[in-house]
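Asks: I'm passing along protein-v9.cif; it holds mmCIF, C-alpha atoms and all ligand atoms.
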```cif
data_final
#
loop_
_atom_site.group_PDB
_atom_site.id
_atom_site.type_symbol
_atom_site.label_atom_id
_atom_site.label_comp_id
_atom_site.auth_asym_id
_atom_site.auth_seq_id
_atom_site.Cartn_x
_atom_site.Cartn_y
_atom_site.Cartn_z
ATOM 1 C CA MET A 1 50.157 -49.471 0.026
ATOM 2 C CA SER A 2 46.452 -49.894 -0.666
ATOM 3 C CA LYS A 3 45.347 -49.838 -4.296
ATOM 4 C CA LEU A 4 43.290 -46.637 -4.065
ATOM 5 C CA SER A 5 45.240 -44.569 -1.523
ATOM 6 C CA ASN A 6 44.845 -40.819 -2.023
ATOM 7 C CA LYS A 7 42.149 -41.287 -4.650
ATOM 8 C CA ILE A 8 38.894 -39.346 -4.606
ATOM 9 C CA ALA A 9 36.020 -41.477 -5.919
ATOM 10 C CA VAL A 10 32.449 -40.551 -6.763
ATOM 11 C CA ILE A 11 29.895 -43.357 -7.017
ATOM 12 C CA THR A 12 26.406 -42.460 -8.208
ATOM 13 C CA GLY A 13 23.607 -44.542 -6.730
ATOM 14 C CA GLY A 14 25.905 -45.568 -3.906
ATOM 15 C CA ASN A 15 23.352 -46.182 -1.168
ATOM 16 C CA SER A 16 22.576 -49.770 -2.127
ATOM 17 C CA GLY A 17 23.518 -52.806 -4.171
ATOM 18 C CA ILE A 18 26.544 -52.658 -6.464
ATOM 19 C CA GLY A 19 27.223 -48.985 -5.718
ATOM 20 C CA PHE A 20 27.271 -49.516 -1.958
ATOM 21 C CA ALA A 21 29.498 -52.597 -2.233
ATOM 22 C CA THR A 22 31.835 -50.617 -4.491
ATOM 23 C CA ALA A 23 32.013 -47.830 -1.916
ATOM 24 C CA GLN A 24 32.914 -50.402 0.740
ATOM 25 C CA GLN A 25 35.678 -51.924 -1.393
ATOM 26 C CA PHE A 26 37.049 -48.518 -2.456
ATOM 27 C CA ILE A 27 37.244 -47.401 1.163
ATOM 28 C CA ALA A 28 38.945 -50.671 2.139
ATOM 29 C CA GLU A 29 41.558 -49.834 -0.510
ATOM 30 C CA GLY A 30 42.146 -46.338 0.882
ATOM 31 C CA ALA A 31 39.905 -44.092 -1.240
ATOM 32 C CA ASP A 32 37.797 -41.175 -0.081
ATOM 33 C CA VAL A 33 34.328 -41.821 -1.446
ATOM 34 C CA VAL A 34 31.359 -39.635 -2.334
ATOM 35 C CA ILE A 35 28.132 -41.547 -2.796
ATOM 36 C CA THR A 36 25.006 -40.090 -4.313
ATOM 37 C CA GLY A 37 21.398 -41.170 -4.244
ATOM 38 C CA ARG A 38 17.876 -39.860 -4.600
ATOM 39 C CA ASN A 39 16.713 -40.504 -1.038
ATOM 40 C CA GLN A 40 18.349 -38.622 1.842
ATOM 41 C CA LYS A 41 17.458 -41.220 4.490
ATOM 42 C CA ALA A 42 18.933 -44.071 2.428
ATOM 43 C CA ILE A 43 22.084 -42.018 1.803
ATOM 44 C CA ASP A 44 22.467 -41.188 5.502
ATOM 45 C CA GLU A 45 22.081 -44.839 6.498
ATOM 46 C CA ALA A 46 24.646 -45.903 3.913
ATOM 47 C CA VAL A 47 27.177 -43.252 4.993
ATOM 48 C CA GLU A 48 26.716 -44.325 8.606
ATOM 49 C CA LYS A 49 27.710 -47.866 7.605
ATOM 50 C CA LEU A 50 30.577 -46.736 5.365
ATOM 51 C CA GLY A 51 32.236 -44.589 8.027
ATOM 52 C CA GLN A 52 34.371 -41.474 7.988
ATOM 53 C CA LYS A 53 35.921 -41.959 4.547
ATOM 54 C CA ALA A 54 32.482 -41.524 2.960
ATOM 55 C CA ILE A 55 30.190 -38.596 2.418
ATOM 56 C CA GLY A 56 26.751 -38.655 0.841
ATOM 57 C CA ILE A 57 25.186 -36.070 -1.433
ATOM 58 C CA LEU A 58 21.539 -36.050 -2.489
ATOM 59 C CA SER A 59 21.554 -35.804 -6.273
ATOM 60 C CA ASP A 60 18.961 -37.101 -8.694
ATOM 61 C CA ALA A 61 20.855 -38.580 -11.649
ATOM 62 C CA ALA A 62 17.931 -37.664 -13.900
ATOM 63 C CA SER A 63 18.404 -33.967 -13.131
ATOM 64 C CA ILE A 64 21.203 -32.167 -14.946
ATOM 65 C CA SER A 65 20.984 -29.238 -12.513
ATOM 66 C CA ASP A 66 21.401 -31.683 -9.604
ATOM 67 C CA THR A 67 24.453 -33.148 -11.339
ATOM 68 C CA GLU A 68 25.911 -29.673 -11.897
ATOM 69 C CA ALA A 69 25.413 -28.882 -8.202
ATOM 70 C CA LEU A 70 27.019 -32.228 -7.286
ATOM 71 C CA VAL A 71 30.093 -31.409 -9.361
ATOM 72 C CA GLU A 72 30.397 -27.969 -7.720
ATOM 73 C CA ASN A 73 30.066 -29.534 -4.272
ATOM 74 C CA VAL A 74 32.739 -32.179 -4.984
ATOM 75 C CA LYS A 75 35.023 -29.561 -6.568
ATOM 76 C CA ALA A 76 34.726 -27.311 -3.506
ATOM 77 C CA ARG A 77 35.527 -30.180 -1.103
ATOM 78 C CA TYR A 78 38.205 -32.111 -3.007
ATOM 79 C CA GLY A 79 39.198 -30.092 -6.079
ATOM 80 C CA ARG A 80 39.289 -33.129 -8.340
ATOM 81 C CA VAL A 81 37.944 -36.636 -8.978
ATOM 82 C CA ASP A 82 40.193 -39.633 -9.656
ATOM 83 C CA VAL A 83 37.500 -42.290 -10.055
ATOM 84 C CA LEU A 84 33.961 -41.777 -11.320
ATOM 85 C CA VAL A 85 31.588 -44.746 -11.137
ATOM 86 C CA VAL A 86 28.385 -44.048 -13.038
ATOM 87 C CA ASN A 87 26.262 -46.665 -11.371
ATOM 88 C CA ALA A 88 22.826 -45.138 -10.635
ATOM 89 C CA GLY A 89 20.345 -47.097 -12.666
ATOM 90 C CA VAL A 90 16.787 -48.390 -12.719
ATOM 91 C CA ASN A 91 14.714 -50.991 -14.458
ATOM 92 C CA PHE A 92 11.072 -50.777 -15.496
ATOM 93 C CA MET A 93 9.849 -53.820 -17.344
ATOM 94 C CA GLU A 94 7.506 -53.473 -20.303
ATOM 95 C CA PRO A 95 7.142 -55.879 -23.242
ATOM 96 C CA VAL A 96 7.666 -54.670 -26.794
ATOM 97 C CA GLY A 97 4.332 -53.399 -28.097
ATOM 98 C CA GLN A 98 3.342 -52.216 -24.626
ATOM 99 C CA ILE A 99 6.126 -49.717 -23.995
ATOM 100 C CA THR A 100 4.808 -46.521 -22.446
ATOM 101 C CA GLU A 101 6.250 -43.019 -22.632
ATOM 102 C CA LYS A 102 6.310 -43.016 -18.817
ATOM 103 C CA GLY A 103 8.400 -46.192 -18.676
ATOM 104 C CA PHE A 104 10.685 -45.037 -21.466
ATOM 105 C CA ASP A 105 11.310 -41.631 -19.896
ATOM 106 C CA TYR A 106 11.912 -43.108 -16.453
ATOM 107 C CA ILE A 107 14.649 -45.412 -17.734
ATOM 108 C CA ALA A 108 16.120 -43.085 -20.346
ATOM 109 C CA ASN A 109 16.339 -40.088 -18.026
ATOM 110 C CA ILE A 110 18.358 -42.011 -15.421
ATOM 111 C CA ASN A 111 20.235 -44.787 -17.261
ATOM 112 C CA LEU A 112 21.024 -42.921 -20.452
ATOM 113 C CA LYS A 113 20.664 -39.134 -20.276
ATOM 114 C CA GLY A 114 21.558 -39.110 -16.579
ATOM 115 C CA ALA A 115 24.570 -41.374 -17.036
ATOM 116 C CA ILE A 116 25.957 -39.481 -20.020
ATOM 117 C CA PHE A 117 25.502 -36.076 -18.389
ATOM 118 C CA THR A 118 27.107 -37.338 -15.188
ATOM 119 C CA VAL A 119 30.272 -38.027 -17.164
ATOM 120 C CA GLU A 120 29.924 -34.816 -19.180
ATOM 121 C CA LYS A 121 29.565 -32.596 -16.121
ATOM 122 C CA PHE A 122 32.425 -34.275 -14.216
ATOM 123 C CA ILE A 123 34.876 -34.053 -17.121
ATOM 124 C CA PRO A 124 36.204 -30.604 -16.120
ATOM 125 C CA ILE A 125 37.263 -31.860 -12.675
ATOM 126 C CA LEU A 126 38.484 -35.335 -13.647
ATOM 127 C CA ALA A 127 42.177 -35.606 -12.795
ATOM 128 C CA GLU A 128 44.692 -36.482 -15.478
ATOM 129 C CA GLY A 129 44.759 -40.295 -15.487
ATOM 130 C CA ALA A 130 41.303 -40.582 -13.909
ATOM 131 C CA SER A 131 39.234 -43.750 -14.320
ATOM 132 C CA VAL A 132 35.603 -43.579 -15.423
ATOM 133 C CA ILE A 133 33.595 -46.765 -14.908
ATOM 134 C CA ASN A 134 30.136 -46.883 -16.420
ATOM 135 C CA VAL A 135 27.919 -49.670 -15.118
ATOM 136 C CA THR A 136 25.991 -51.140 -18.030
ATOM 137 C CA SER A 137 24.530 -54.664 -18.219
ATOM 138 C CA VAL A 138 24.657 -57.858 -20.244
ATOM 139 C CA SER A 139 21.165 -56.720 -21.263
ATOM 140 C CA ALA A 140 22.981 -54.518 -23.782
ATOM 141 C CA PHE A 141 23.621 -57.646 -25.848
ATOM 142 C CA VAL A 142 21.538 -60.492 -24.318
ATOM 143 C CA VAL A 143 17.770 -60.617 -24.718
ATOM 144 C CA GLY A 144 15.666 -60.560 -21.561
ATOM 145 C CA MET A 145 11.879 -60.442 -21.738
ATOM 146 C CA GLY A 146 10.436 -57.017 -20.962
ATOM 147 C CA THR A 147 13.799 -55.301 -20.906
ATOM 148 C CA ALA A 148 13.920 -53.706 -24.374
ATOM 149 C CA VAL A 149 14.184 -50.096 -23.194
ATOM 150 C CA TYR A 150 16.526 -50.972 -20.328
ATOM 151 C CA ALA A 151 18.692 -52.892 -22.817
ATOM 152 C CA ALA A 152 18.650 -49.962 -25.219
ATOM 153 C CA SER A 153 19.745 -47.589 -22.445
ATOM 154 C CA LYS A 154 22.683 -49.813 -21.516
ATOM 155 C CA ALA A 155 23.701 -50.421 -25.146
ATOM 156 C CA ALA A 156 23.689 -46.681 -25.727
ATOM 157 C CA LEU A 157 25.816 -46.073 -22.622
ATOM 158 C CA THR A 158 28.269 -48.687 -23.898
ATOM 159 C CA ALA A 159 28.505 -46.877 -27.221
ATOM 160 C CA TYR A 160 29.020 -43.511 -25.519
ATOM 161 C CA SER A 161 31.739 -45.002 -23.302
ATOM 162 C CA ARG A 162 33.735 -46.311 -26.263
ATOM 163 C CA THR A 163 33.763 -42.896 -27.911
ATOM 164 C CA ALA A 164 34.550 -41.201 -24.617
ATOM 165 C CA ALA A 165 37.556 -43.497 -24.163
ATOM 166 C CA ILE A 166 39.013 -42.121 -27.388
ATOM 167 C CA GLU A 167 38.057 -38.505 -26.890
ATOM 168 C CA LEU A 168 39.326 -38.363 -23.291
ATOM 169 C CA ALA A 169 42.555 -40.249 -24.035
ATOM 170 C CA PRO A 170 44.557 -37.020 -24.560
ATOM 171 C CA ARG A 171 44.024 -36.342 -20.822
ATOM 172 C CA LYS A 172 44.986 -39.982 -20.042
ATOM 173 C CA ILE A 173 41.458 -40.526 -18.707
ATOM 174 C CA ARG A 174 40.402 -44.163 -19.001
ATOM 175 C CA VAL A 175 36.770 -45.060 -19.688
ATOM 176 C CA ASN A 176 35.534 -48.624 -19.269
ATOM 177 C CA THR A 177 32.230 -50.359 -18.713
ATOM 178 C CA ILE A 178 31.253 -53.121 -16.330
ATOM 179 C CA ALA A 179 28.413 -55.271 -17.656
ATOM 180 C CA PRO A 180 26.981 -57.472 -14.914
ATOM 181 C CA ALA A 181 24.278 -60.081 -15.350
ATOM 182 C CA MET A 182 21.792 -60.682 -12.571
ATOM 183 C CA THR A 183 23.316 -59.576 -9.283
ATOM 184 C CA GLU A 184 21.761 -59.915 -5.810
ATOM 185 C CA THR A 185 20.457 -56.388 -5.253
ATOM 186 C CA GLU A 186 17.189 -54.596 -4.614
ATOM 187 C CA ILE A 187 16.785 -53.583 -8.255
ATOM 188 C CA PHE A 188 14.426 -56.497 -8.922
ATOM 189 C CA HIS A 189 12.024 -55.204 -6.271
ATOM 190 C CA LYS A 190 11.967 -51.614 -7.522
ATOM 191 C CA GLY A 191 10.655 -50.133 -10.770
ATOM 192 C CA ASN A 192 7.207 -51.422 -11.637
ATOM 193 C CA GLY A 193 7.672 -54.573 -9.559
ATOM 194 C CA THR A 194 7.078 -57.034 -12.346
ATOM 195 C CA PHE A 195 10.105 -59.183 -11.485
ATOM 196 C CA THR A 196 8.383 -61.812 -9.376
ATOM 197 C CA GLU A 197 9.994 -64.309 -7.018
ATOM 198 C CA ASP A 198 9.128 -67.012 -9.584
ATOM 199 C CA MET A 199 11.086 -65.127 -12.257
ATOM 200 C CA ILE A 200 14.041 -64.755 -9.920
ATOM 201 C CA ALA A 201 14.036 -68.497 -9.194
ATOM 202 C CA PHE A 202 13.642 -69.273 -12.914
ATOM 203 C CA THR A 203 16.520 -67.042 -14.002
ATOM 204 C CA LYS A 204 18.775 -68.276 -11.203
ATOM 205 C CA ASN A 205 18.272 -71.779 -12.494
ATOM 206 C CA LYS A 206 19.305 -70.612 -15.980
ATOM 207 C CA MET A 207 22.567 -69.182 -14.650
ATOM 208 C CA PRO A 208 25.487 -71.588 -15.218
ATOM 209 C CA PHE A 209 26.552 -71.224 -11.559
ATOM 210 C CA LYS A 210 22.893 -71.547 -10.435
ATOM 211 C CA ARG A 211 23.101 -68.266 -8.604
ATOM 212 C CA TYR A 212 23.168 -64.515 -9.212
ATOM 213 C CA GLY A 213 26.375 -62.551 -8.812
ATOM 214 C CA LEU A 214 27.123 -60.773 -5.568
ATOM 215 C CA PRO A 215 27.565 -57.001 -5.384
ATOM 216 C CA VAL A 216 30.993 -57.497 -3.806
ATOM 217 C CA GLU A 217 32.107 -59.521 -6.833
ATOM 218 C CA VAL A 218 31.262 -56.605 -9.115
ATOM 219 C CA ALA A 219 32.861 -54.193 -6.639
ATOM 220 C CA LYS A 220 36.180 -56.041 -6.769
ATOM 221 C CA LEU A 221 36.223 -55.676 -10.547
ATOM 222 C CA ALA A 222 35.525 -51.969 -10.073
ATOM 223 C CA VAL A 223 38.550 -51.735 -7.724
ATOM 224 C CA PHE A 224 40.727 -53.199 -10.467
ATOM 225 C CA LEU A 225 39.422 -50.746 -13.088
ATOM 226 C CA ALA A 226 39.737 -47.834 -10.654
ATOM 227 C CA SER A 227 43.306 -48.673 -9.701
ATOM 228 C CA ASP A 228 46.596 -48.163 -11.482
ATOM 229 C CA ASP A 229 46.697 -51.971 -11.981
ATOM 230 C CA SER A 230 44.524 -51.325 -15.046
ATOM 231 C CA SER A 231 46.568 -48.347 -16.300
ATOM 232 C CA PHE A 232 46.549 -49.452 -19.962
ATOM 233 C CA ILE A 233 42.907 -50.549 -20.071
ATOM 234 C CA SER A 234 40.452 -48.156 -21.677
ATOM 235 C CA GLY A 235 37.521 -48.489 -24.050
ATOM 236 C CA SER A 236 36.890 -51.992 -22.740
ATOM 237 C CA GLU A 237 33.759 -53.774 -21.618
ATOM 238 C CA TYR A 238 34.095 -56.116 -18.663
ATOM 239 C CA VAL A 239 31.370 -58.743 -18.552
ATOM 240 C CA ILE A 240 30.828 -60.214 -15.080
ATOM 241 C CA ASP A 241 28.143 -62.840 -15.337
ATOM 242 C CA GLY A 242 29.329 -66.337 -14.383
ATOM 243 C CA ALA A 243 29.185 -67.297 -18.085
ATOM 244 C CA ALA A 244 25.484 -66.459 -18.305
ATOM 245 C CA SER A 245 25.732 -64.493 -21.547
ATOM 246 C CA VAL A 246 27.516 -67.285 -23.401
ATOM 247 C CA ASN A 247 24.938 -69.805 -22.237
ATOM 248 C CA GLU A 248 22.468 -70.204 -25.104
ATOM 249 C CA PRO A 249 19.487 -71.450 -23.024
ATOM 250 C CA PHE A 250 19.812 -68.288 -20.944
ATOM 251 C CA ARG A 251 18.182 -66.565 -23.924
ATOM 252 C CA MET A 252 14.614 -66.974 -22.725
HETATM 253 N N1 LIG B 1 21.431 -56.102 -10.086
HETATM 254 C C1 LIG B 1 21.556 -56.552 -11.324
HETATM 255 O O1 LIG B 1 21.174 -57.686 -11.641
HETATM 256 C C2 LIG B 1 22.196 -55.682 -12.377
HETATM 257 C C3 LIG B 1 22.591 -56.311 -13.575
HETATM 258 C C4 LIG B 1 23.162 -55.535 -14.565
HETATM 259 C C5 LIG B 1 23.362 -54.200 -14.363
HETATM 260 N N2 LIG B 1 22.958 -53.608 -13.191
HETATM 261 C C6 LIG B 1 23.183 -52.170 -13.052
HETATM 262 O O2 LIG B 1 23.913 -51.948 -11.867
HETATM 263 C C7 LIG B 1 23.652 -50.625 -11.406
HETATM 264 C C8 LIG B 1 23.366 -50.704 -9.916
HETATM 265 O O3 LIG B 1 22.142 -51.402 -9.721
HETATM 266 P P1 LIG B 1 21.886 -52.364 -8.488
HETATM 267 O O4 LIG B 1 21.565 -53.694 -9.024
HETATM 268 O O5 LIG B 1 22.952 -52.221 -7.474
HETATM 269 O O6 LIG B 1 20.474 -51.798 -7.954
HETATM 270 P P2 LIG B 1 20.102 -50.959 -6.656
HETATM 271 O O7 LIG B 1 20.466 -51.689 -5.426
HETATM 272 O O8 LIG B 1 18.697 -50.549 -6.860
HETATM 273 O O9 LIG B 1 21.068 -49.699 -6.762
HETATM 274 C C9 LIG B 1 20.828 -48.663 -7.666
HETATM 275 C C10 LIG B 1 21.213 -47.387 -6.990
HETATM 276 O O10 LIG B 1 20.963 -46.291 -7.883
HETATM 277 C C11 LIG B 1 20.184 -45.351 -7.168
HETATM 278 N N3 LIG B 1 19.391 -44.541 -8.083
HETATM 279 C C12 LIG B 1 18.379 -44.944 -8.874
HETATM 280 N N4 LIG B 1 17.885 -43.900 -9.530
HETATM 281 C C13 LIG B 1 18.596 -42.826 -9.142
HETATM 282 C C14 LIG B 1 18.553 -41.463 -9.471
HETATM 283 N N5 LIG B 1 17.652 -40.964 -10.323
HETATM 284 N N6 LIG B 1 19.439 -40.633 -8.882
HETATM 285 C C15 LIG B 1 20.341 -41.102 -8.004
HETATM 286 N N7 LIG B 1 20.418 -42.377 -7.644
HETATM 287 C C16 LIG B 1 19.553 -43.227 -8.221
HETATM 288 C C17 LIG B 1 19.315 -46.170 -6.265
HETATM 289 O O11 LIG B 1 18.718 -45.388 -5.279
HETATM 290 P P3 LIG B 1 17.365 -45.928 -4.533
HETATM 291 O O12 LIG B 1 17.870 -46.793 -3.398
HETATM 292 O O13 LIG B 1 16.712 -44.688 -4.078
HETATM 293 O O14 LIG B 1 16.582 -46.721 -5.523
HETATM 294 C C18 LIG B 1 20.378 -47.137 -5.738
HETATM 295 O O15 LIG B 1 21.174 -46.533 -4.779
HETATM 296 C C19 LIG B 1 22.500 -50.114 -12.237
HETATM 297 O O16 LIG B 1 22.995 -49.241 -13.243
HETATM 298 C C20 LIG B 1 21.931 -51.363 -12.867
HETATM 299 O O17 LIG B 1 21.272 -51.092 -14.083
HETATM 300 C C21 LIG B 1 22.383 -54.334 -12.206
#
```
Take the structure in the file and give it back as structure tokens.

Replies:
Amino acid sequence: MSKLSNKIAVITGGNSGIGFATAQQFIAEGADVVITGRNQKAIDEAVEKLGQKAIGILSDAASISDTEALVENVKARYGRVDVLVVNAGVNFMEPVGQITEKGFDYIANINLKGAIFTVEKFIPILAEGASVINVTSVSAFVVGMGTAVYAASKAALTAYSRTAAIELAPRKIRVNTIAPAMTETEIFHKGNGTFTEDMIAFTKNKMPFKRYGLPVEVAKLAVFLASDDSSFISGSEYVIDGAASVNEPFRM
């Protein structure tokens, strides 16, 4: 039997990158998958590629009313959620001393407030024994230039996840985080576009494996945390970074 047979999974920000790869792996393991995103065309294209085990729902992670509507929609279709992957996230690079309210709000509303309220609003329909996977980042504990607010958002989500693991334990709900380092996705070309090709080449060279991670590599870790293979794992942080965060020169 496949690892995620009969499981209903919701993946926020599932139309690209790590979220999309996770949807692909979940479906390969038998799950029914709901992906969300903030762009209907991108969602439709992703669902087309994912096939009949996927549906897409437009839902801005920064909007609590959108998240409430998403939960109602999922509840009406499936009645419950077995796996919740809080993956929607953005970067917006600004050095300390030049942080703007616009940049702060953009990151905080999606990566922090949006992520926490995604979990909060789904809690009523999480099945007993459900798995919640919050996608954070090694930025939560490794310094990267221009990423102070992004790092703060991910560190805060890590802290929330640890408390949630304890407070949701009575319902046997597991809460874990996945903390990737640089992974080959479009995130570096979004936000305020300050991650240049030179910076990508520079940081790749700093990585012990001389490459970024692949979305599918993160997705396979998500399959493990979503499945009953990880039934006694909760409150844990899974770093997936090819040893980058233990590599001192990586600290630019
Ligand atoms: N790639 C890395 O190096 C890396 C490293 C550490 C952690 N992460 C984390 O991994 C997660 C996935 O990122 P990724 O690298 O796969 O980047 P990505 O390809 O840009 O995927 C992010 C997804 O989130 C969606 N999204 C962004 N804001 C949203 C919102 N307000 N509402 C709904 N969906 C929203 C994006 O939609 P659009 O397509 O419309 O933008 C996209 O589908 C993020 O939380 C990121 O912080 C990434």

Asks: Using only C-alpha atoms, which residue out of A:Leu50, A:Ile133, A:Val96, A:Val74 lies closest to Asn176 of chain A?

Replies: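 Going through A:Leu50, A:Ile133, A:Val96, A:Val74 one by one, the smallest distance to Asn176 of chain A is for A:Ile133.
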
Asks: Between atom CA of Asn205 of chain A and atom CA of Asp241 of chain A, measure the distance and give it in Å to one decimal.

Replies: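 Distance reported for this atom pair: 13.6 Å.
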
Asks: Can you pull out every residue with an atom within 7 Å of ligand LIG 1 (chain B)? Use all atoms listed in the file and format it as a CSV table (one decimal) with C-alpha atoms, in the frame of the given file.

Replies:
```csv
chain,number,residue,atom,x,y,z
A,12,THR,CA,26.4,-42.5,-8.2
A,13,GLY,CA,23.6,-44.5,-6.7
A,14,GLY,CA,25.9,-45.6,-3.9
A,15,ASN,CA,23.4,-46.2,-1.2
A,16,SER,CA,22.6,-49.8,-2.1
A,17,GLY,CA,23.5,-52.8,-4.2
A,18,ILE,CA,26.5,-52.7,-6.5
A,19,GLY,CA,27.2,-49.0,-5.7
A,36,THR,CA,25.0,-40.1,-4.3
A,37,GLY,CA,21.4,-41.2,-4.2
A,38,ARG,CA,17.9,-39.9,-4.6
A,39,ASN,CA,16.7,-40.5,-1.0
A,42,ALA,CA,18.9,-44.1,2.4
A,59,SER,CA,21.6,-35.8,-6.3
A,60,ASP,CA,19.0,-37.1,-8.7
A,61,ALA,CA,20.9,-38.6,-11.6
A,62,ALA,CA,17.9,-37.7,-13.9
A,87,ASN,CA,26.3,-46.7,-11.4
A,88,ALA,CA,22.8,-45.1,-10.6
A,89,GLY,CA,20.3,-47.1,-12.7
A,90,VAL,CA,16.8,-48.4,-12.7
A,91,ASN,CA,14.7,-51.0,-14.5
A,110,ILE,CA,18.4,-42.0,-15.4
A,111,ASN,CA,20.2,-44.8,-17.3
A,135,VAL,CA,27.9,-49.7,-15.1
A,136,THR,CA,26.0,-51.1,-18.0
A,137,SER,CA,24.5,-54.7,-18.2
A,138,VAL,CA,24.7,-57.9,-20.2
A,179,ALA,CA,28.4,-55.3,-17.7
A,180,PRO,CA,27.0,-57.5,-14.9
A,181,ALA,CA,24.3,-60.1,-15.4
A,182,MET,CA,21.8,-60.7,-12.6
A,183,THR,CA,23.3,-59.6,-9.3
A,184,GLU,CA,21.8,-59.9,-5.8
A,185,THR,CA,20.5,-56.4,-5.3
A,186,GLU,CA,17.2,-54.6,-4.6
A,187,ILE,CA,16.8,-53.6,-8.3
A,190,LYS,CA,12.0,-51.6,-7.5
A,215,PRO,CA,27.6,-57.0,-5.4
```

Asks: Could you pull the residues within 10 Å of Phe141 of chain A, counting all atoms listed in the file, minus those fewer than 4 positions along the same chain, as a VMD selection string?

Replies: chain A and resid 137 151 to 152 154 to 155 179 245

Asks: What are the nearest atom pairs, with distances in Å to one decimal, for all residues of segment 3-106 of chain A that come at most 7 Å from segment 226-235 of chain A, using all atoms listed in the file, set out by chain and rising residue number as a tab-separated table?

Replies:
```
residue	atom	partner	partner_atom	distance
A:Lys3	CA	A:Ser227	CA	5.9
A:Leu4	CA	A:Ser227	CA	6.0
A:Val83	CA	A:Ala226	CA	6.0
```

Asks: Give me a file of those residues, with C-alpha atoms, as a CSV table (one decimal), in the frame of the given file.

Replies:
```csv
chain,number,residue,atom,x,y,z
A,3,LYS,CA,45.3,-49.8,-4.3
A,4,LEU,CA,43.3,-46.6,-4.1
A,83,VAL,CA,37.5,-42.3,-10.1
```

Asks: Of the residues A:Ser161, A:Asn192, A:Ser153, A:Asn6, which is the one nearest to Val81 of chain A, using only C-alpha atoms?

Replies: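 Once distances to Val81 of chain A are computed over only C-alpha atoms, the minimum belongs to A:Asn6.
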
Asks: Name every residue that the PyMOL selection byres (((chain A and resi 26) around 9) and not hetatm) selects in this structure, writing the answer as a tab-separated table (two decimals) with C-alpha atoms, in the coordinates of the input with chains first and numbers rising.

Replies:
```tsv
chain	number	residue	atom	x	y	z
A	3	LYS	CA	45.35	-49.84	-4.30
A	4	LEU	CA	43.29	-46.64	-4.07
A	9	ALA	CA	36.02	-41.48	-5.92
A	21	ALA	CA	29.50	-52.60	-2.23
A	22	THR	CA	31.84	-50.62	-4.49
A	23	ALA	CA	32.01	-47.83	-1.92
A	24	GLN	CA	32.91	-50.40	0.74
A	25	GLN	CA	35.68	-51.92	-1.39
A	27	ILE	CA	37.24	-47.40	1.16
A	28	ALA	CA	38.94	-50.67	2.14
A	29	GLU	CA	41.56	-49.83	-0.51
A	30	GLY	CA	42.15	-46.34	0.88
A	31	ALA	CA	39.90	-44.09	-1.24
A	32	ASP	CA	37.80	-41.18	-0.08
A	33	VAL	CA	34.33	-41.82	-1.45
A	219	ALA	CA	32.86	-54.19	-6.64
A	220	LYS	CA	36.18	-56.04	-6.77
A	222	ALA	CA	35.52	-51.97	-10.07
A	223	VAL	CA	38.55	-51.74	-7.72
A	226	ALA	CA	39.74	-47.83	-10.65
```

Asks: Kindly indicate which residue among A:Val132, A:Met199, A:Ala148, A:Leu214 lies nearest to Phe104 of chain A, using only C-alpha atoms for the distances.

Replies: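 Counting only C-alpha atoms, the residue closest to Phe104 of chain A is A:Ala148.
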
Asks: Distance atom CA of Phe195 of chain A-atom CA of Tyr150 of chain A, one decimal place?

Replies: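 Distance reported for this atom pair: 13.7 Å.
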
Asks: Extract, using all atoms listed in the file, all DNA, RNA and protein residues at most 12 Å from Arg77 of chain A, discarding same-chain residues fewer than 6 positions from it, and format them as a PyMOL selection string.

Replies: chain A and resi 8+32-34+55+57+70-71+125

Asks: Mind completing segment 57-66 of chain A with N, CA and C atoms? Output as a short mmCIF file (atom, residue, chain, number, x, y, z; two decimals), in the frame of the given file, please?

Replies:
```cif
data_model
loop_
_atom_site.label_atom_id
_atom_site.label_comp_id
_atom_site.auth_asym_id
_atom_site.auth_seq_id
_atom_site.Cartn_x
_atom_site.Cartn_y
_atom_site.Cartn_z
N ILE A 57 25.79 -37.29 -0.88
CA ILE A 57 25.19 -36.07 -1.43
C ILE A 57 23.92 -36.46 -2.19
N LEU A 58 22.81 -35.81 -1.80
CA LEU A 58 21.54 -36.05 -2.49
C LEU A 58 21.63 -35.46 -3.89
N SER A 59 21.44 -36.29 -4.89
CA SER A 59 21.55 -35.80 -6.27
C SER A 59 20.81 -36.77 -7.18
N ASP A 60 19.75 -36.27 -7.79
CA ASP A 60 18.96 -37.10 -8.69
C ASP A 60 19.69 -37.19 -10.03
N ALA A 61 20.08 -38.40 -10.41
CA ALA A 61 20.86 -38.58 -11.65
C ALA A 61 20.07 -38.14 -12.88
N ALA A 62 18.74 -38.08 -12.76
CA ALA A 62 17.93 -37.66 -13.90
C ALA A 62 17.91 -36.15 -14.08
N SER A 63 18.45 -35.43 -13.10
CA SER A 63 18.40 -33.97 -13.13
C SER A 63 19.79 -33.40 -13.45
N ILE A 64 19.90 -32.74 -14.57
CA ILE A 64 21.20 -32.17 -14.95
C ILE A 64 21.60 -31.07 -13.97
N SER A 65 20.63 -30.29 -13.48
CA SER A 65 20.98 -29.24 -12.51
C SER A 65 21.47 -29.85 -11.20
N ASP A 66 20.89 -30.98 -10.79
CA ASP A 66 21.40 -31.68 -9.60
C ASP A 66 22.84 -32.13 -9.85
#
```
